[in-house]
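Right, one structure below, let's go through it.
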Amino acid sequence: MTAFYTVPHVAQRIRGFLDPASGDSFNVDIATESFIRGGWFGRGPGEGTISVSCPRDTPISSSPWQPEEFGVALCLILVALFAFIVIRALLKAMHNDDPFSRFGAAGLAILFGLQSTINMAVNLHLMPAKG
């Protein structure tokens, strides 16, 4: 709450999230359009039109054109893969006897999962962009 009133770019990001018409929502618009155009199974590799208009070096969303080319089904498979990696790492950490290794592995797994979740949630406009 304090950051909203003291840090201008935080307030701008939150206002842009609450009212997309007032803020810079280019990345979110591109990602949403990509999901709509791609459908469940996509248009095929290289067949998307969003990849032409979207800069490939966007800092928030690394690849918003993938749902158009590969579809929602592949995106769900990628989400399942991320979840599998995090769960497997946490299970391995839980069975480790060394406390340092256990906490290190669990911390890395949670960091990996949290950053992946934040990136996906921002692309789907479920949360405001961080930073």
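Here's how to read the names in the structure tokens: chain A, B, ... by the order shown, residue numbers from 1 in each chain, ligand numbers from 1 in the order shown.
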
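Within the 6 Å cut-off around segment 117-129 of chain A, using only C-alpha atoms and omitting residues fewer than 2 positions from it on the same chain, the listed residues are Phe17, Val28, Ala31, Leu114 and Gln115 of chain A.
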
Suppose we keep all heavy atoms; can you now write the selection as an mmCIF file, in the first residue's frame?
data_model
loop_
_atom_site.group_PDB
_atom_site.id
_atom_site.type_symbol
_atom_site.label_atom_id
_atom_site.label_comp_id
_atom_site.auth_asym_id
_atom_site.auth_seq_id
_atom_site.Cartn_x
_atom_site.Cartn_y
_atom_site.Cartn_z
ATOM 1 N N PHE A 17 -3.313 -2.047 -14.698
ATOM 2 C CA PHE A 17 -3.917 -3.372 -14.535
ATOM 3 C C PHE A 17 -5.417 -3.253 -14.290
ATOM 4 O O PHE A 17 -6.207 -4.007 -14.858
ATOM 5 C CB PHE A 17 -3.251 -4.109 -13.371
ATOM 6 C CG PHE A 17 -3.925 -5.397 -13.017
ATOM 7 C CD1 PHE A 17 -3.816 -6.500 -13.846
ATOM 8 C CD2 PHE A 17 -4.671 -5.510 -11.866
ATOM 9 C CE1 PHE A 17 -4.444 -7.691 -13.531
ATOM 10 C CE2 PHE A 17 -5.294 -6.695 -11.535
ATOM 11 C CZ PHE A 17 -5.172 -7.788 -12.368
ATOM 12 N N VAL A 28 0.040 -7.563 -22.848
ATOM 13 C CA VAL A 28 -1.155 -8.315 -22.467
ATOM 14 C C VAL A 28 -2.100 -8.445 -23.656
ATOM 15 O O VAL A 28 -2.677 -9.513 -23.893
ATOM 16 C CB VAL A 28 -1.845 -7.638 -21.269
ATOM 17 C CG1 VAL A 28 -3.176 -8.297 -20.973
ATOM 18 C CG2 VAL A 28 -0.954 -7.668 -20.055
ATOM 19 N N ALA A 31 -0.675 -11.068 -26.044
ATOM 20 C CA ALA A 31 -0.828 -12.429 -25.522
ATOM 21 C C ALA A 31 -2.281 -12.891 -25.599
ATOM 22 O O ALA A 31 -2.557 -14.036 -25.975
ATOM 23 C CB ALA A 31 -0.323 -12.487 -24.084
ATOM 24 N N LEU A 114 7.590 -19.924 -8.642
ATOM 25 C CA LEU A 114 6.980 -18.622 -8.422
ATOM 26 C C LEU A 114 7.223 -17.688 -9.601
ATOM 27 O O LEU A 114 6.304 -17.001 -10.060
ATOM 28 C CB LEU A 114 7.509 -18.008 -7.126
ATOM 29 C CG LEU A 114 6.855 -16.723 -6.663
ATOM 30 C CD1 LEU A 114 5.381 -16.953 -6.395
ATOM 31 C CD2 LEU A 114 7.541 -16.210 -5.421
ATOM 32 N N GLN A 115 8.443 -17.657 -10.120
ATOM 33 C CA GLN A 115 8.730 -16.798 -11.270
ATOM 34 C C GLN A 115 7.971 -17.255 -12.510
ATOM 35 O O GLN A 115 7.487 -16.427 -13.286
ATOM 36 C CB GLN A 115 10.235 -16.770 -11.549
ATOM 37 C CG GLN A 115 11.026 -15.992 -10.540
ATOM 38 C CD GLN A 115 10.622 -14.535 -10.512
ATOM 39 O OE1 GLN A 115 10.505 -13.882 -11.538
ATOM 40 N NE2 GLN A 115 10.408 -14.009 -9.328
#

Legend entry - Polymer residues at most 8 Å from segment 85-87 of chain A, only C-alpha atoms, same-chain spacing of 2 or more positions, as JSON, numbers by chain: {"A": [81, 82, 83, 89, 90, 91, 109, 110, 112, 113]}

Would you export the selected residues with N, CA and C atoms as a short mmCIF file (atom, residue, chain, number, x, y, z; two decimals), in the first residue's frame, please?
data_model
loop_
_atom_site.label_atom_id
_atom_site.label_comp_id
_atom_site.auth_asym_id
_atom_site.auth_seq_id
_atom_site.Cartn_x
_atom_site.Cartn_y
_atom_site.Cartn_z
N LEU A 81 4.48 -29.28 -17.30
CA LEU A 81 5.90 -29.55 -17.21
C LEU A 81 6.55 -28.72 -16.10
N PHE A 82 6.21 -27.44 -16.03
CA PHE A 82 6.72 -26.59 -14.95
C PHE A 82 6.30 -27.16 -13.59
N ALA A 83 5.04 -27.53 -13.46
CA ALA A 83 4.55 -28.08 -12.20
C ALA A 83 5.27 -29.39 -11.85
N ALA A 89 11.33 -31.58 -7.72
CA ALA A 89 12.43 -30.99 -6.96
C ALA A 89 12.09 -30.89 -5.48
N LEU A 90 10.84 -30.55 -5.17
CA LEU A 90 10.44 -30.48 -3.76
C LEU A 90 10.43 -31.86 -3.11
N LEU A 91 10.01 -32.89 -3.86
CA LEU A 91 10.04 -34.24 -3.32
C LEU A 91 11.47 -34.71 -3.08
N ALA A 109 13.51 -24.55 -6.11
CA ALA A 109 12.27 -25.05 -6.73
C ALA A 109 11.14 -24.05 -6.56
N ILE A 110 11.01 -23.49 -5.37
CA ILE A 110 9.96 -22.51 -5.13
C ILE A 110 10.21 -21.24 -5.94
N PHE A 112 11.81 -21.01 -8.82
CA PHE A 112 11.51 -21.36 -10.22
C PHE A 112 10.01 -21.38 -10.46
N GLY A 113 9.27 -22.01 -9.58
CA GLY A 113 7.82 -22.09 -9.73
C GLY A 113 7.15 -20.74 -9.59
#

Inset, instruction - Could you check which of A:Pro45, A:Phe84, A:Gly38, A:Met94 is closest to Glu68 of chain A, using only C-alpha atoms? - result: A:Gly38

Legend entry - Straight-line distance linking atom CA of Ala80 of chain A with atom CA of Ala93 of chain A, stated in Å to one decimal: 19.7 Å

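Note that the spacing between atom CA of Asn96 of chain A and atom CA of Leu108 of chain A amounts to 14.5 Å.
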
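As for atom CA of Gly39 of chain A and atom CA of Val79 of chain A, they are spaced 16.7 Å apart.
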